[in-house]
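Enquirer: Please see the structure below; I have some questions.
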Amino acid sequence: SQENLQYLTVEQNLADTVALLRSARKKYNAGSGFAFGGSYSGATCAWFRFSYPEDVAGCISLSGVVNAIFNYTEFDDQINIA
């Protein structure tokens, strides 16, 4: 819904990820692990490691976006054409 768009942020993505990780770690009595991802999720992995260093031992980021472009409308144009 329109009102839920406020939750579509990088910060909310990271907060949701750490909440899930902490819950799973508690449930399964697990230790620290590695985050990983490629492209956008590679960037998210790096941001996660930076934002929550106590929750993840490291990050494997493949082709992670390092210079995020805001309002990248060219992507939407390509999707519209497809």
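Chain lettering (A, B, ...) mirrors the order of the structure tokens, residue numbering begins at 1 for each chain separately, and ligand numbering begins at 1 in order of display.
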So which residues touch stretch 27-41 of chain A within 7 Å, counting only C-alpha atoms, skipping near sequence neighbours fewer than 6 positions away, as a VMD selection string?

Expert: chain A and resid 55 to 65

Enquirer: From the options A:Leu20, A:Ala82, A:Val10, A:Val66, which residue's atoms come nearest to A:Phe48, counting only C-alpha atoms?

Expert: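 Using only C-alpha atoms, the shortest distance to A:Phe48 belongs to A:Val10.
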
Enquirer: So the first atom is atom CA of A:Val18 and the second is atom CA of A:Ser51; what is the distance between them in Å, to one decimal place?

Expert: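 One can read the atom CA of A:Val18 to atom CA of A:Ser51 distance as 9.8 Å.
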
Enquirer: For stretch 4-9 of chain A, list every protein, DNA or RNA residue within 12 Å, evaluated using only C-alpha atoms, and leave out those in the same chain fewer than 6 positions away; present the list as an MDAnalysis selection string.

Expert: chainID A and resid 15:16 44

Enquirer: Output C-alpha atoms of each residue in that selection to a file, as a short mmCIF file (atom, residue, chain, number, x, y, z; two decimals), in the first residue's frame.

Expert:
```cif
data_model
loop_
_atom_site.label_atom_id
_atom_site.label_comp_id
_atom_site.auth_asym_id
_atom_site.auth_seq_id
_atom_site.Cartn_x
_atom_site.Cartn_y
_atom_site.Cartn_z
CA ALA A 15 17.03 -3.54 10.36
CA ASP A 16 14.83 -6.39 9.10
CA THR A 44 23.59 -4.45 1.01
#
```

Enquirer: Using the chain letters and numbers from this document, which residues of stretch 26-76 of chain A does DSSP assign to alpha helix (DSSP H), as a list in words?

Expert: Lys26, Lys27, Tyr28, Tyr40, Ser41, Gly42, Ala43, Thr44, Cys45, Ala46, Trp47, Phe48, Arg49, Phe50, Ser51, Thr73, Glu74, Phe75 and Asp76 of chain A

Enquirer: Among the residues of chain A, find those DSSP assigns to strand (DSSP E or B) from the backbone and print them as number ranges by chain.

Expert: A: 34-38, 58-62

Enquirer: Name the closest residue to A:Glu11 among the candidates A:Ile81, A:Phe50, A:Gly42, A:Arg25; distances are taken between atoms, counting only C-alpha atoms.

Expert: A:Phe50

Enquirer: Report, in Å to a single decimal, how far apart atom CA of A:Thr73 and atom CA of A:Ala46 are.

Expert: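 If I compute the distance from atom CA of A:Ala46 to atom CA of A:Thr73, I get 24.1 Å.
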
Enquirer: I need the residue nearest A:Arg22 from this list: A:Ala43, A:Gln2, A:Asn80, A:Glu54. Use only C-alpha atoms for the distance.

Expert: A:Glu54

Enquirer: A:Ile79, A:Pro53, A:Trp47, A:Asn67: which is nearest A:Gln12, counting only C-alpha atoms?

Expert: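 Distance minimum relative to A:Gln12 lands on A:Trp47.
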